[in-house]
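Everything on this sheet refers to the single structure shown next.
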Amino acid sequence: MKRVKTVNELTEFRQQVRQWLEQNCPVSMRGAAALDEIYRGGSRETFSSDEAKLWFERMLDKGWTAPGWPKQYGGAGLSDPQVKVLKQEMKRLGCRAPLEAGQGLAMLGPALLEFGTEQQKLEHLPRIARGEVRWCQGYSEPGAGSDLANVQCRAKDMGDHFLINGTKIWTSNADVADWIFCLVRTDPDAGKQEGISFLLVDMAQPGVSVKPIELISGDSDFCQVFLDDVRAEKHNLIGEINQGWTVGKRLLQHERTLMSEIGDLSMGAASDLPECARLYIGLENGKLAESQLRMRVAQSEMNSQVLQLAQRKAFEEAKSGRVNPAATSFFKYYATEQQSVRYELMLALMGERALGWEHKRMDVSSFEDQELSVTRNWAFSKALTIAGGSSEIQLNVIAKRVLGLPDRTEGANKS
Ligand SMILES: Cc1cc2nc3c(=O)[nH]c(=O)nc-3n(C[C@H](O)[C@H](O)[C@H](O)COP(=O)(O)OP(=O)(O)OC[C@H]3O[C@@H](n4cnc5c(N)ncnc54)[C@H](O)[C@@H]3O)c2cc1C
């Protein structure tokens, strides 16, 4: 286990980080990034500018694209408190993430660190940290969403490899990904959760076809993936055969942590609701002119504070190993629902000024930008309450695994 640093060591580390960031983060890499400025890695990705490349390379040299991973796997070996300090200092200066925390960095990576063999870690983790390989997540199927343990995609044991047949759906970014991690059925006769394995599959091979699904926004953020006689080498089985449910569930916890960070209220202009309210509604006697909206804004601000305090509490508890892993469901649920409420409230505050559709989401450096993007952001905030397990499923998990209530659901297994 990594040694937790003392307060003095952390203070010194903070000063070093601050100084390094100030000297090395190009000015153009500070402040909110438009969607096409985010670097996501993978064989098909290019940098949006020379400075984006320089920023990525400088961070990579420090091991700070995956700061908490051990050095031999492409990270910097920082302790959790140090990673937190780095994030805080990057946020303070407005530094953009050099590499997006996507399915590789934030989901598969931590699962591999826990369940992968040494050879699997050495093969896959450094390539993620270096942005060389982009991953997508092959969990959902047409008949297996909330009821994830119902996956039917079949992987047949062929001796030295598996042969996969089936389909995956709602696979984010499958059209630009290099590899896919999949939950597959390796024993059709075993109980629902027992016959599932966790496989890594190279998408650059015959038999893999990807069909983008067009959304109401006109974007195609996710796809259906068809796997026809696709090969996965035996050494790309993570964990034991037929024990993939354990790996898959842990990965979901990492996904939910990621989702709660995406849904974090500090992101984008939705963070500054009071300012938005002052601007669009105006003040009367020092108070927001509309009493109903005033109450809603105040309520939302309080909820945001409560969430942040709860996150801090969980972080402190985690240091002593006391945290319940299922608590990630609480943060996923609360952060994404709150984000949705806040966008709803922004629409109410902005009124007809919020009808723009021109900007892609998160391109929100000013309220003028926000006017052109808030409706898309509001629509996308609904998607975040579904992706990674819907809000209803998170409530089931909280009831069952956090509060210890009796299980009255059948089938809902994305928990
Ligand atoms: C933006 C986005 C990105 C996604 N990306 C990926 C990806 O990359 N890879 C991937 O594998 N999947 C991905 N998904 C799929 C996502 O995991 C599923 O949509 C989600 O798990 C819900 O499954 P479903 O769509 O089949 O809905 P269903 O399971 O059919 O659920 C329909 C409704 O019924 C409710 N419901 C179902 N069961 C219960 C129950 N037991 N108790 C109470 N309510 C219940 C649900 O909450 C929901 O409201 C993505 C989804 C979105 C929106």
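To be explicit about the labels: the chains of the structure tokens are called A, B, and onward in the order shown, and within each one the residues are counted from 1, while ligands get numbers from 1 in the order they are shown.
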8 Å contact set for region 159-170 of chain A, only C-alpha atoms, chain neighbours under 2 positions out, as a PDB file with all heavy atoms, in the first residue's frame:
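As written to disk, selection-v3.pdb reads:
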```
ATOM      1  N   GLY A 138     -17.918  -2.940 -23.774  1.00  0.00           N
ATOM      2  CA  GLY A 138     -18.934  -3.830 -24.336  1.00  0.00           C
ATOM      3  C   GLY A 138     -19.702  -4.555 -23.243  1.00  0.00           C
ATOM      4  O   GLY A 138     -19.476  -5.760 -23.025  1.00  0.00           O
ATOM      5  N   TYR A 139     -20.564  -3.836 -22.570  1.00  0.00           N
ATOM      6  CA  TYR A 139     -21.401  -4.446 -21.528  1.00  0.00           C
ATOM      7  C   TYR A 139     -22.829  -4.651 -22.062  1.00  0.00           C
ATOM      8  O   TYR A 139     -23.302  -5.766 -22.198  1.00  0.00           O
ATOM      9  CB  TYR A 139     -21.461  -3.545 -20.282  1.00  0.00           C
ATOM     10  CG  TYR A 139     -20.339  -3.720 -19.280  1.00  0.00           C
ATOM     11  CD1 TYR A 139     -19.085  -4.163 -19.652  1.00  0.00           C
ATOM     12  CD2 TYR A 139     -20.542  -3.403 -17.937  1.00  0.00           C
ATOM     13  CE1 TYR A 139     -18.066  -4.299 -18.721  1.00  0.00           C
ATOM     14  CE2 TYR A 139     -19.528  -3.541 -16.998  1.00  0.00           C
ATOM     15  CZ  TYR A 139     -18.291  -3.985 -17.396  1.00  0.00           C
ATOM     16  OH  TYR A 139     -17.292  -4.123 -16.467  1.00  0.00           O
ATOM     17  N   SER A 140     -23.535  -3.535 -22.344  1.00  0.00           N
ATOM     18  CA  SER A 140     -24.966  -3.607 -22.672  1.00  0.00           C
ATOM     19  C   SER A 140     -25.211  -4.382 -23.957  1.00  0.00           C
ATOM     20  O   SER A 140     -24.408  -4.343 -24.897  1.00  0.00           O
ATOM     21  CB  SER A 140     -25.539  -2.194 -22.848  1.00  0.00           C
ATOM     22  OG  SER A 140     -25.277  -1.425 -21.714  1.00  0.00           O
ATOM     23  N   GLU A 141     -26.338  -5.076 -23.960  1.00  0.00           N
ATOM     24  CA  GLU A 141     -26.813  -5.773 -25.161  1.00  0.00           C
ATOM     25  C   GLU A 141     -28.287  -5.424 -25.331  1.00  0.00           C
ATOM     26  O   GLU A 141     -28.918  -4.933 -24.385  1.00  0.00           O
ATOM     27  CB  GLU A 141     -26.641  -7.289 -24.985  1.00  0.00           C
ATOM     28  CG  GLU A 141     -25.183  -7.707 -24.894  1.00  0.00           C
ATOM     29  CD  GLU A 141     -25.025  -9.228 -24.707  1.00  0.00           C
ATOM     30  OE1 GLU A 141     -26.030  -9.961 -24.828  1.00  0.00           O
ATOM     31  OE2 GLU A 141     -23.891  -9.657 -24.441  1.00  0.00           O
ATOM     32  N   PRO A 142     -28.861  -5.733 -26.495  1.00  0.00           N
ATOM     33  CA  PRO A 142     -30.278  -5.396 -26.680  1.00  0.00           C
ATOM     34  C   PRO A 142     -31.170  -5.976 -25.565  1.00  0.00           C
ATOM     35  O   PRO A 142     -32.147  -5.359 -25.176  1.00  0.00           O
ATOM     36  CB  PRO A 142     -30.596  -5.986 -28.051  1.00  0.00           C
ATOM     37  CG  PRO A 142     -29.286  -5.942 -28.780  1.00  0.00           C
ATOM     38  CD  PRO A 142     -28.232  -6.195 -27.742  1.00  0.00           C
ATOM     39  N   GLN A 152     -25.833 -12.228 -23.462  1.00  0.00           N
ATOM     40  CA  GLN A 152     -25.937 -13.440 -24.285  1.00  0.00           C
ATOM     41  C   GLN A 152     -24.772 -13.597 -25.256  1.00  0.00           C
ATOM     42  O   GLN A 152     -24.645 -14.627 -25.911  1.00  0.00           O
ATOM     43  CB  GLN A 152     -27.246 -13.407 -25.108  1.00  0.00           C
ATOM     44  CG  GLN A 152     -28.506 -13.342 -24.258  1.00  0.00           C
ATOM     45  CD  GLN A 152     -28.649 -14.554 -23.348  1.00  0.00           C
ATOM     46  OE1 GLN A 152     -28.326 -15.674 -23.737  1.00  0.00           O
ATOM     47  NE2 GLN A 152     -29.105 -14.330 -22.119  1.00  0.00           N
ATOM     48  N   CYS A 153     -23.978 -12.552 -25.396  1.00  0.00           N
ATOM     49  CA  CYS A 153     -22.844 -12.612 -26.312  1.00  0.00           C
ATOM     50  C   CYS A 153     -21.962 -13.807 -25.882  1.00  0.00           C
ATOM     51  O   CYS A 153     -21.514 -13.900 -24.752  1.00  0.00           O
ATOM     52  CB  CYS A 153     -22.063 -11.307 -26.206  1.00  0.00           C
ATOM     53  SG  CYS A 153     -20.777 -11.176 -27.399  1.00  0.00           S
ATOM     54  N   ARG A 154     -21.721 -14.719 -26.821  1.00  0.00           N
ATOM     55  CA  ARG A 154     -21.170 -16.022 -26.462  1.00  0.00           C
ATOM     56  C   ARG A 154     -19.685 -16.086 -26.818  1.00  0.00           C
ATOM     57  O   ARG A 154     -19.288 -15.719 -27.934  1.00  0.00           O
ATOM     58  CB  ARG A 154     -21.959 -17.078 -27.247  1.00  0.00           C
ATOM     59  CG  ARG A 154     -21.508 -18.480 -27.069  1.00  0.00           C
ATOM     60  CD  ARG A 154     -22.204 -19.129 -25.888  1.00  0.00           C
ATOM     61  NE  ARG A 154     -21.996 -20.576 -25.964  1.00  0.00           N
ATOM     62  CZ  ARG A 154     -20.979 -21.194 -25.361  1.00  0.00           C
ATOM     63  NH1 ARG A 154     -20.091 -20.517 -24.674  1.00  0.00           N
ATOM     64  NH2 ARG A 154     -20.861 -22.508 -25.458  1.00  0.00           N
ATOM     65  N   ALA A 155     -18.848 -16.553 -25.886  1.00  0.00           N
ATOM     66  CA  ALA A 155     -17.431 -16.779 -26.189  1.00  0.00           C
ATOM     67  C   ALA A 155     -17.135 -18.259 -25.978  1.00  0.00           C
ATOM     68  O   ALA A 155     -17.260 -18.776 -24.871  1.00  0.00           O
ATOM     69  CB  ALA A 155     -16.544 -15.933 -25.283  1.00  0.00           C
ATOM     70  N   LYS A 156     -16.768 -18.913 -27.068  1.00  0.00           N
ATOM     71  CA  LYS A 156     -16.544 -20.359 -27.011  1.00  0.00           C
ATOM     72  C   LYS A 156     -15.049 -20.634 -26.831  1.00  0.00           C
ATOM     73  O   LYS A 156     -14.214 -20.037 -27.524  1.00  0.00           O
ATOM     74  CB  LYS A 156     -17.023 -20.959 -28.344  1.00  0.00           C
ATOM     75  CG  LYS A 156     -17.584 -22.334 -28.206  1.00  0.00           C
ATOM     76  CD  LYS A 156     -18.311 -22.704 -29.485  1.00  0.00           C
ATOM     77  CE  LYS A 156     -18.417 -24.211 -29.565  1.00  0.00           C
ATOM     78  NZ  LYS A 156     -18.813 -24.666 -30.870  1.00  0.00           N
ATOM     79  N   ASP A 157     -14.748 -21.543 -25.911  1.00  0.00           N
ATOM     80  CA  ASP A 157     -13.349 -21.901 -25.642  1.00  0.00           C
ATOM     81  C   ASP A 157     -12.808 -22.754 -26.792  1.00  0.00           C
ATOM     82  O   ASP A 157     -13.308 -23.851 -27.050  1.00  0.00           O
ATOM     83  CB  ASP A 157     -13.297 -22.686 -24.317  1.00  0.00           C
ATOM     84  CG  ASP A 157     -11.876 -22.823 -23.820  1.00  0.00           C
ATOM     85  OD1 ASP A 157     -10.952 -22.780 -24.654  1.00  0.00           O
ATOM     86  OD2 ASP A 157     -11.694 -22.974 -22.597  1.00  0.00           O
ATOM     87  N   SER A 172     -20.330   3.416 -26.261  1.00  0.00           N
ATOM     88  CA  SER A 172     -19.828   4.774 -26.510  1.00  0.00           C
ATOM     89  C   SER A 172     -18.506   4.724 -27.265  1.00  0.00           C
ATOM     90  O   SER A 172     -17.597   3.980 -26.876  1.00  0.00           O
ATOM     91  CB  SER A 172     -19.622   5.521 -25.193  1.00  0.00           C
ATOM     92  OG  SER A 172     -20.829   5.647 -24.511  1.00  0.00           O
ATOM     93  N   ILE A 213     -25.130   4.907 -33.862  1.00  0.00           N
ATOM     94  CA  ILE A 213     -26.557   5.149 -33.625  1.00  0.00           C
ATOM     95  C   ILE A 213     -26.755   6.655 -33.537  1.00  0.00           C
ATOM     96  O   ILE A 213     -26.106   7.315 -32.715  1.00  0.00           O
ATOM     97  CB  ILE A 213     -27.005   4.493 -32.294  1.00  0.00           C
ATOM     98  CG1 ILE A 213     -26.749   2.987 -32.337  1.00  0.00           C
ATOM     99  CG2 ILE A 213     -28.466   4.801 -31.997  1.00  0.00           C
ATOM    100  CD1 ILE A 213     -26.941   2.290 -30.996  1.00  0.00           C
ATOM    101  N   PHE A 222     -22.786   6.964 -29.535  1.00  0.00           N
ATOM    102  CA  PHE A 222     -22.599   5.539 -29.302  1.00  0.00           C
ATOM    103  C   PHE A 222     -23.075   4.694 -30.480  1.00  0.00           C
ATOM    104  O   PHE A 222     -23.677   5.203 -31.431  1.00  0.00           O
ATOM    105  CB  PHE A 222     -23.163   5.055 -27.979  1.00  0.00           C
ATOM    106  CG  PHE A 222     -24.528   5.524 -27.598  1.00  0.00           C
ATOM    107  CD1 PHE A 222     -25.534   5.697 -28.522  1.00  0.00           C
ATOM    108  CD2 PHE A 222     -24.812   5.770 -26.261  1.00  0.00           C
ATOM    109  CE1 PHE A 222     -26.789   6.101 -28.138  1.00  0.00           C
ATOM    110  CE2 PHE A 222     -26.076   6.181 -25.865  1.00  0.00           C
ATOM    111  CZ  PHE A 222     -27.060   6.343 -26.802  1.00  0.00           C
ATOM    112  N   CYS A 223     -22.766   3.380 -30.397  1.00  0.00           N
ATOM    113  CA  CYS A 223     -22.872   2.504 -31.570  1.00  0.00           C
ATOM    114  C   CYS A 223     -23.419   1.143 -31.159  1.00  0.00           C
ATOM    115  O   CYS A 223     -23.449   0.795 -29.986  1.00  0.00           O
ATOM    116  CB  CYS A 223     -21.482   2.232 -32.152  1.00  0.00           C
ATOM    117  SG  CYS A 223     -20.498   3.687 -32.474  1.00  0.00           S
ATOM    118  N   GLN A 224     -23.778   0.363 -32.178  1.00  0.00           N
ATOM    119  CA  GLN A 224     -23.987  -1.066 -31.951  1.00  0.00           C
ATOM    120  C   GLN A 224     -22.767  -1.789 -32.535  1.00  0.00           C
ATOM    121  O   GLN A 224     -22.299  -1.459 -33.634  1.00  0.00           O
ATOM    122  CB  GLN A 224     -25.273  -1.555 -32.619  1.00  0.00           C
ATOM    123  CG  GLN A 224     -25.533  -3.025 -32.333  1.00  0.00           C
ATOM    124  CD  GLN A 224     -26.977  -3.466 -32.530  1.00  0.00           C
ATOM    125  OE1 GLN A 224     -27.799  -2.716 -33.035  1.00  0.00           O
ATOM    126  NE2 GLN A 224     -27.286  -4.693 -32.141  1.00  0.00           N
ATOM    127  N   VAL A 225     -22.263  -2.753 -31.785  1.00  0.00           N
ATOM    128  CA  VAL A 225     -21.069  -3.500 -32.224  1.00  0.00           C
ATOM    129  C   VAL A 225     -21.490  -4.944 -32.502  1.00  0.00           C
ATOM    130  O   VAL A 225     -22.136  -5.571 -31.664  1.00  0.00           O
ATOM    131  CB  VAL A 225     -19.979  -3.487 -31.128  1.00  0.00           C
ATOM    132  CG1 VAL A 225     -18.756  -4.288 -31.564  1.00  0.00           C
ATOM    133  CG2 VAL A 225     -19.579  -2.061 -30.785  1.00  0.00           C
ATOM    134  N   PHE A 226     -21.128  -5.445 -33.675  1.00  0.00           N
ATOM    135  CA  PHE A 226     -21.447  -6.828 -34.038  1.00  0.00           C
ATOM    136  C   PHE A 226     -20.162  -7.643 -34.020  1.00  0.00           C
ATOM    137  O   PHE A 226     -19.160  -7.234 -34.611  1.00  0.00           O
ATOM    138  CB  PHE A 226     -22.088  -6.876 -35.426  1.00  0.00           C
ATOM    139  CG  PHE A 226     -23.376  -6.085 -35.493  1.00  0.00           C
ATOM    140  CD1 PHE A 226     -23.367  -4.747 -35.861  1.00  0.00           C
ATOM    141  CD2 PHE A 226     -24.595  -6.679 -35.170  1.00  0.00           C
ATOM    142  CE1 PHE A 226     -24.542  -4.007 -35.900  1.00  0.00           C
ATOM    143  CE2 PHE A 226     -25.788  -5.945 -35.212  1.00  0.00           C
ATOM    144  CZ  PHE A 226     -25.755  -4.610 -35.579  1.00  0.00           C
ATOM    145  N   LEU A 227     -20.214  -8.782 -33.339  1.00  0.00           N
ATOM    146  CA  LEU A 227     -19.031  -9.641 -33.228  1.00  0.00           C
ATOM    147  C   LEU A 227     -19.366 -10.992 -33.855  1.00  0.00           C
ATOM    148  O   LEU A 227     -20.186 -11.752 -33.329  1.00  0.00           O
ATOM    149  CB  LEU A 227     -18.656  -9.818 -31.749  1.00  0.00           C
ATOM    150  CG  LEU A 227     -18.424  -8.503 -30.964  1.00  0.00           C
ATOM    151  CD1 LEU A 227     -18.450  -8.730 -29.465  1.00  0.00           C
ATOM    152  CD2 LEU A 227     -17.097  -7.860 -31.372  1.00  0.00           C
ATOM    153  N   ASP A 228     -18.770 -11.256 -35.018  1.00  0.00           N
ATOM    154  CA  ASP A 228     -19.056 -12.505 -35.742  1.00  0.00           C
ATOM    155  C   ASP A 228     -17.772 -13.303 -35.882  1.00  0.00           C
ATOM    156  O   ASP A 228     -16.885 -12.920 -36.642  1.00  0.00           O
ATOM    157  CB  ASP A 228     -19.624 -12.175 -37.137  1.00  0.00           C
ATOM    158  CG  ASP A 228     -20.935 -11.436 -37.024  1.00  0.00           C
ATOM    159  OD1 ASP A 228     -21.843 -11.941 -36.344  1.00  0.00           O
ATOM    160  OD2 ASP A 228     -21.044 -10.315 -37.586  1.00  0.00           O
ATOM    161  N   ASP A 229     -17.681 -14.411 -35.148  1.00  0.00           N
ATOM    162  CA  ASP A 229     -16.473 -15.239 -35.135  1.00  0.00           C
ATOM    163  C   ASP A 229     -15.226 -14.398 -34.855  1.00  0.00           C
ATOM    164  O   ASP A 229     -14.213 -14.476 -35.571  1.00  0.00           O
ATOM    165  CB  ASP A 229     -16.308 -15.968 -36.484  1.00  0.00           C
ATOM    166  CG  ASP A 229     -17.248 -17.167 -36.565  1.00  0.00           C
ATOM    167  OD1 ASP A 229     -17.745 -17.609 -35.515  1.00  0.00           O
ATOM    168  OD2 ASP A 229     -17.483 -17.649 -37.700  1.00  0.00           O
ATOM    169  N   VAL A 230     -15.305 -13.618 -33.818  1.00  0.00           N
ATOM    170  CA  VAL A 230     -14.178 -12.745 -33.444  1.00  0.00           C
ATOM    171  C   VAL A 230     -13.299 -13.471 -32.431  1.00  0.00           C
ATOM    172  O   VAL A 230     -13.789 -14.187 -31.564  1.00  0.00           O
ATOM    173  CB  VAL A 230     -14.734 -11.428 -32.864  1.00  0.00           C
ATOM    174  CG1 VAL A 230     -13.650 -10.642 -32.161  1.00  0.00           C
ATOM    175  CG2 VAL A 230     -15.353 -10.595 -33.991  1.00  0.00           C
ATOM    176  N   ARG A 231     -11.995 -13.231 -32.546  1.00  0.00           N
ATOM    177  CA  ARG A 231     -11.024 -13.990 -31.751  1.00  0.00           C
ATOM    178  C   ARG A 231     -10.510 -13.149 -30.567  1.00  0.00           C
ATOM    179  O   ARG A 231     -10.224 -11.962 -30.722  1.00  0.00           O
ATOM    180  CB  ARG A 231      -9.865 -14.336 -32.697  1.00  0.00           C
ATOM    181  CG  ARG A 231      -8.856 -15.270 -32.155  1.00  0.00           C
ATOM    182  CD  ARG A 231      -7.746 -15.462 -33.196  1.00  0.00           C
ATOM    183  NE  ARG A 231      -6.621 -16.107 -32.562  1.00  0.00           N
ATOM    184  CZ  ARG A 231      -6.268 -17.367 -32.782  1.00  0.00           C
ATOM    185  NH1 ARG A 231      -6.907 -18.092 -33.671  1.00  0.00           N
ATOM    186  NH2 ARG A 231      -5.232 -17.904 -32.160  1.00  0.00           N
ATOM    187  N   ALA A 232     -10.440 -13.775 -29.406  1.00  0.00           N
ATOM    188  CA  ALA A 232      -9.760 -13.139 -28.258  1.00  0.00           C
ATOM    189  C   ALA A 232      -8.778 -14.163 -27.700  1.00  0.00           C
ATOM    190  O   ALA A 232      -9.155 -15.300 -27.408  1.00  0.00           O
ATOM    191  CB  ALA A 232     -10.757 -12.738 -27.179  1.00  0.00           C
ATOM    192  N   GLU A 233      -7.518 -13.761 -27.597  1.00  0.00           N
ATOM    193  CA  GLU A 233      -6.495 -14.691 -27.102  1.00  0.00           C
ATOM    194  C   GLU A 233      -6.763 -15.023 -25.638  1.00  0.00           C
ATOM    195  O   GLU A 233      -7.281 -14.191 -24.894  1.00  0.00           O
ATOM    196  CB  GLU A 233      -5.093 -14.070 -27.244  1.00  0.00           C
ATOM    197  CG  GLU A 233      -4.731 -13.672 -28.670  1.00  0.00           C
ATOM    198  CD  GLU A 233      -4.910 -14.807 -29.677  1.00  0.00           C
ATOM    199  OE1 GLU A 233      -4.614 -15.965 -29.337  1.00  0.00           O
ATOM    200  OE2 GLU A 233      -5.374 -14.529 -30.803  1.00  0.00           O
ATOM    201  N   LYS A 234      -6.361 -16.202 -25.228  1.00  0.00           N
ATOM    202  CA  LYS A 234      -6.579 -16.638 -23.836  1.00  0.00           C
ATOM    203  C   LYS A 234      -5.914 -15.672 -22.843  1.00  0.00           C
ATOM    204  O   LYS A 234      -6.438 -15.437 -21.754  1.00  0.00           O
ATOM    205  CB  LYS A 234      -6.014 -18.043 -23.623  1.00  0.00           C
ATOM    206  CG  LYS A 234      -6.976 -19.157 -24.046  1.00  0.00           C
ATOM    207  CD  LYS A 234      -7.998 -19.440 -22.945  1.00  0.00           C
ATOM    208  CE  LYS A 234      -9.099 -20.400 -23.345  1.00  0.00           C
ATOM    209  NZ  LYS A 234      -8.705 -21.786 -23.471  1.00  0.00           N
TER     210      LYS A 234
END
```
Around ligand 1, at most 8 Å away and counting only C-alpha atoms and all ligand atoms, which residues are there? Put them as a PyMOL selection string, please.
chain A and resi 103+136-148+168-174+221-222+380+382-393+396+409-414
Under the rule that only C-alpha atoms are counted, which of A:Val210, A:Leu105, A:Leu122, A:Cys95 is the nearest residue to Trp20 (chain A)?
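When distances to Trp20 (chain A) are compared using only C-alpha atoms, the smallest one comes from A:Cys95.
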Considering only strand (DSSP E or B) as DSSP defines it on the backbone, what residues of region 16-253 of chain A qualify? List them as a count of residues only.
59
Residues near Glu240 (chain A), anyone? I mean within 9 Å using only C-alpha atoms, not counting same-chain ones fewer than 4 positions away, as a ChimeraX atom specification.
/A:197-198,244
At a cut-off of 8 Å, can you tabulate as JSON lines every residue of region 165-225 of chain A near region 25-47 of chain A together with its closest atom pair and the distance in Å to one decimal, using only C-alpha atoms and ordering rows by chain then number?
```
{"residue": "A:Val176", "atom": "CA", "partner": "A:Arg44", "partner_atom": "CA", "distance": 6.5}
{"residue": "A:Ala177", "atom": "CA", "partner": "A:Gly42", "partner_atom": "CA", "distance": 6.8}
{"residue": "A:Asp178", "atom": "CA", "partner": "A:Gly42", "partner_atom": "CA", "distance": 6.6}
```
In Å, how far is it from CA of Leu54 (chain A) to CA of Ile180 (chain A)?
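Those two atoms sit 28.3 Å apart.
The smallest atom-to-atom distance between Glu301 (chain A) and any of A:Leu345, A:Ser329, A:Lys319, A:Arg353, using only C-alpha atoms, is found for A:Leu345.
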Need to verify the contact set: Ala101 (chain A), 9 Å, only C-alpha atoms, exclusion of same-chain residues closer than 4 positions in sequence. Can you return it as an mmCIF file with N, CA, C and O atoms, in the first residue's frame?
```cif
data_model
loop_
_atom_site.group_PDB
_atom_site.id
_atom_site.type_symbol
_atom_site.label_atom_id
_atom_site.label_comp_id
_atom_site.auth_asym_id
_atom_site.auth_seq_id
_atom_site.Cartn_x
_atom_site.Cartn_y
_atom_site.Cartn_z
ATOM 1 N N ARG A 40 -8.286 12.550 -26.600
ATOM 2 C CA ARG A 40 -8.842 11.301 -26.060
ATOM 3 C C ARG A 40 -7.948 10.087 -26.293
ATOM 4 O O ARG A 40 -8.248 9.001 -25.807
ATOM 5 N N THR A 65 -0.357 11.662 -16.641
ATOM 6 C CA THR A 65 -1.601 11.319 -17.351
ATOM 7 C C THR A 65 -2.353 10.258 -16.546
ATOM 8 O O THR A 65 -3.566 10.152 -16.613
ATOM 9 N N ALA A 97 -7.343 18.616 -18.717
ATOM 10 C CA ALA A 97 -6.778 17.268 -18.606
ATOM 11 C C ALA A 97 -5.976 17.014 -19.887
ATOM 12 O O ALA A 97 -6.474 17.273 -20.987
ATOM 13 N N LEU A 105 -8.556 4.954 -19.169
ATOM 14 C CA LEU A 105 -7.863 5.544 -18.012
ATOM 15 C C LEU A 105 -8.665 5.399 -16.721
ATOM 16 O O LEU A 105 -8.113 5.070 -15.676
ATOM 17 N N ALA A 106 -9.968 5.635 -16.795
ATOM 18 C CA ALA A 106 -10.744 5.718 -15.554
ATOM 19 C C ALA A 106 -11.494 4.428 -15.213
ATOM 20 O O ALA A 106 -11.956 4.267 -14.095
ATOM 21 N N MET A 107 -11.650 3.522 -16.187
ATOM 22 C CA MET A 107 -12.462 2.338 -15.917
ATOM 23 C C MET A 107 -11.641 1.040 -16.020
ATOM 24 O O MET A 107 -11.476 0.307 -15.061
ATOM 25 N N LEU A 258 -16.452 7.867 -12.034
ATOM 26 C CA LEU A 258 -16.200 8.772 -13.166
ATOM 27 C C LEU A 258 -17.452 9.598 -13.471
ATOM 28 O O LEU A 258 -17.388 10.803 -13.664
#
```
Which polymer residues have any atom within 10 Å of an atom of Ala76 (chain A), counting only C-alpha atoms, with same-chain residues fewer than 4 positions away left out, as a PyMOL selection string?
chain A and resi 60-72+83
Quick one: write out the picked residues with N, CA, C and O atoms as a short mmCIF file (atom, residue, chain, number, x, y, z; two decimals), in the first residue's frame?
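Output saved as result-v9.cif:
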```cif
data_model
loop_
_atom_site.label_atom_id
_atom_site.label_comp_id
_atom_site.auth_asym_id
_atom_site.auth_seq_id
_atom_site.Cartn_x
_atom_site.Cartn_y
_atom_site.Cartn_z
N LEU A 60 2.89 13.67 -19.65
CA LEU A 60 3.27 12.25 -19.80
C LEU A 60 4.66 12.00 -19.20
O LEU A 60 4.87 11.02 -18.49
N ASP A 61 5.59 12.93 -19.47
CA ASP A 61 6.94 12.81 -18.92
C ASP A 61 6.92 12.70 -17.40
O ASP A 61 7.72 11.99 -16.80
N LYS A 62 6.01 13.43 -16.78
CA LYS A 62 5.91 13.41 -15.32
C LYS A 62 5.17 12.17 -14.82
O LYS A 62 5.09 11.92 -13.62
N GLY A 63 4.54 11.43 -15.74
CA GLY A 63 3.69 10.30 -15.32
C GLY A 63 2.32 10.78 -14.87
O GLY A 63 1.58 10.05 -14.21
N TRP A 64 1.97 12.02 -15.21
CA TRP A 64 0.74 12.63 -14.68
C TRP A 64 -0.48 12.47 -15.58
O TRP A 64 -1.50 13.08 -15.33
N THR A 65 -0.36 11.66 -16.64
CA THR A 65 -1.60 11.32 -17.35
C THR A 65 -2.35 10.26 -16.55
O THR A 65 -3.57 10.15 -16.61
N ALA A 66 -1.60 9.46 -15.76
CA ALA A 66 -2.21 8.47 -14.87
C ALA A 66 -1.46 8.55 -13.54
O ALA A 66 -0.76 7.62 -13.15
N PRO A 67 -1.58 9.67 -12.83
CA PRO A 67 -0.66 9.97 -11.72
C PRO A 67 -0.66 8.94 -10.60
O PRO A 67 0.37 8.73 -9.95
N GLY A 68 -1.80 8.25 -10.37
CA GLY A 68 -1.87 7.31 -9.26
C GLY A 68 -1.38 5.91 -9.61
O GLY A 68 -1.23 5.06 -8.74
N TRP A 69 -1.12 5.65 -10.88
CA TRP A 69 -0.65 4.30 -11.27
C TRP A 69 0.84 4.16 -10.95
O TRP A 69 1.60 5.12 -11.05
N PRO A 70 1.25 2.94 -10.62
CA PRO A 70 2.69 2.72 -10.39
C PRO A 70 3.52 3.10 -11.62
O PRO A 70 3.04 3.00 -12.76
N LYS A 71 4.77 3.47 -11.35
CA LYS A 71 5.62 3.96 -12.45
C LYS A 71 5.82 2.93 -13.55
O LYS A 71 5.85 3.25 -14.73
N GLN A 72 5.96 1.63 -13.13
CA GLN A 72 6.22 0.62 -14.17
C GLN A 72 5.05 0.45 -15.13
O GLN A 72 5.19 -0.13 -16.20
N VAL A 83 -2.57 12.69 -5.50
CA VAL A 83 -3.37 12.81 -6.72
C VAL A 83 -4.42 13.91 -6.53
O VAL A 83 -4.67 14.73 -7.42
#
```
So, counting only C-alpha atoms, which residue among A:Leu251, A:Ile281, A:Leu372, A:Val133 is closest to Ala348 (chain A)?
A:Ile281
